[in-house]
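Colleague: Mind looking over this structure? Questions follow.
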Amino acid sequence: IAIEDEVPQEWRNNVLSKLPREKGWGEPYLYQYQGFWYQAFLFHNVLRCQKHFQAQNTDLIVASTPKSGTTWLKSLAFALLYRKSYPPNDNQHPLLSKNSHDLVPFLELDIDFDNPRPDHLSFYSSPRLFSSHLPYQSMPKSVKESSCKLIYICRNPKDAFISLWHYTNKLRAPEMGTLPIEEAFDKFCRGVSLIGPFWDHVLGYWQESLKMPDKILFLKYEEIKERSNTHVKRIAEFYGCPFLDEEEASGVVDEIVKLCSFNNLSNLEVNKSGKDWSGMAFNVLFRRGETQDWKRYLTPDMVDKLDRITEEKFHGSGLML
Ligand code: A3P
């Protein structure tokens, strides 16, 4: 809410007030832009990013809907892309003292294009690595027109919903109390969630990945969890920096997987007690890191409803989550 207040009043009156809005999950309102819902401050940044971000052909962008495993994929991508400069078994590895959000900036959230932050190591490295929650439809033109590559991570909608509900409750101002799960569920099903509708976001990337498999690698949280080594190798091959036989033989892939594991990252001091630029504690990004945690929270009716929406939305697309 403090960040929401930083949005200039004049812009609020002239731009924001013209958009459809709905009551938010913790923030006062979510605003609809190009079919997706944003907080005011985020939308303000989205416009800036669409205008100013210049993709380079060698850029790699990790894309996702919130709570689908962004922090994890950013860590894996950082560790594998820069493994020569930062060997994953080095006890000075940047991921041991910094959260991946402080190493890999979000295009639409934390790049000051005139004055990039020095700790965003991936901004200054070659190739550059970024992340984004933007739907493909709303990506800056240069991302679509350049040969930069994207890796998308999606997650089962029931787990993504439960993760988002918990996350929201941790970030809500204490005087607001807990957001009842029924209220959150109704909003999620109607698509009114952070950069939702969830299904439209996922489908946008899925369809583009079918058309342009060399540009977009579409991954699932559950599959990375199941076979982490295979997917780390897939990402490296997709980007064009495959692991050498010697690297595999010496255990580099295993070391990357171990470095980025939920157990390892969530127990680091930086992730237990550190905060990001907005004051958000990093520990809210690490909850359980499991699949099917929804079983502990959703009623049979909720499960039926979410499954039905998912079937309807993905019907004919070939995508199953
Ligand atoms: P849960 O709330 O289900 O535990 P995001 O990074 O997109 O915000 O996603 C957060 C979700 O990813 C949370 O899910 C979090 O616990 C999980 N997560 C964070 N780090 C992880 C890791 N290294 N491995 C697996 N899951 C991780």
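Following the order of the structure tokens, chains are lettered A, B, ..., residues in each are numbered from 1, and ligands are numbered from 1.
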Skip range 59-71 of chain A itself and residues of its chain fewer than 5 positions away, then list as a PyMOL selection string all residues within 7 Å of it, counting only C-alpha atoms.

Modeller: chain A and resi 100-101+127-133+148-155+160+163-164+195+198+201+221

Colleague: Residues of range 250-283 of chain A within 10 Å of range 78-98 of chain A: nearest atom pair and distance (Å, one decimal) for each, counting only C-alpha atoms, sorted by chain and number, as a Markdown table?

Modeller:
| residue | atom | partner | partner_atom | distance |
| --- | --- | --- | --- | --- |
| A:Gly251 | CA | A:Asn89 | CA | 9.7 |
| A:Val252 | CA | A:Pro88 | CA | 7.1 |
| A:Val253 | CA | A:Leu80 | CA | 8.2 |
| A:Asp254 | CA | A:Pro88 | CA | 9.3 |
| A:Glu255 | CA | A:Pro88 | CA | 5.9 |
| A:Ile256 | CA | A:Pro88 | CA | 5.6 |
| A:Val257 | CA | A:Ala79 | CA | 9.0 |
| A:Lys258 | CA | A:Pro88 | CA | 8.9 |
| A:Leu259 | CA | A:Pro88 | CA | 6.7 |
| A:Cys260 | CA | A:Ala79 | CA | 8.1 |
| A:Asn264 | CA | A:Leu96 | CA | 9.0 |
| A:Leu265 | CA | A:Leu96 | CA | 7.6 |
| A:Asn267 | CA | A:Leu96 | CA | 10.0 |
| A:Leu268 | CA | A:Leu96 | CA | 6.8 |
| A:Glu269 | CA | A:Ser97 | CA | 7.7 |
| A:Val270 | CA | A:Ser97 | CA | 5.8 |
| A:Asn271 | CA | A:Lys98 | CA | 7.9 |
| A:Gly274 | CA | A:Lys98 | CA | 8.6 |
| A:Lys275 | CA | A:Lys98 | CA | 10.0 |
| A:Asp276 | CA | A:Lys98 | CA | 9.9 |
| A:Phe282 | CA | A:Lys98 | CA | 9.9 |

Colleague: Work out how far apart CA of Ser317 in chain A and atom 9 (O, counted along the ligand's line) of ligand 1 are and give it in Å to one decimal.

Modeller: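 For CA of Ser317 in chain A relative to atom 9 (O, counted along the ligand's line) of ligand 1, the distance reads 24.6 Å.
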
Colleague: Separation of CA of Asp112 in chain A and CA of Lys51 in chain A, in Å?

Modeller: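 About the pair CA of Asp112 in chain A and CA of Lys51 in chain A: they are 12.6 Å apart.
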
Colleague: As a list in words, which residues of range 104-298 of chain A does DSSP assign to strand (DSSP E or B)?

Modeller: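 The strand (DSSP E or B) subset of range 104-298 of chain A is Phe106, Leu129, Phe130, Ser131, Ser132, Lys149, Leu150, Ile151, Tyr152, Ile153, Cys154, Ile216, Leu217, Phe218, Leu219, Lys220, Lys275 and Ala281 of chain A.
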
Colleague: Please report the interatomic distance between CA of Ala236 in chain A and CA of Ser126 in chain A in Å with one decimal.

Modeller: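 Pair CA of Ala236 in chain A / CA of Ser126 in chain A returns 14.9 Å.
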
Colleague: Let's see if you can do this: from backbone DSSP, list all alpha helix (DSSP H) residues in range 142-261 of chain A, as a ChimeraX atom specification.

Modeller: /A:142-145,157-171,181-189,198-211,221-226,228-239,245-249,252-259

Colleague: For Tyr29 in chain A, which of A:Tyr124, A:Gly316, A:His52, A:Val192 is the closest residue, counting only C-alpha atoms?

Modeller: A:Val192
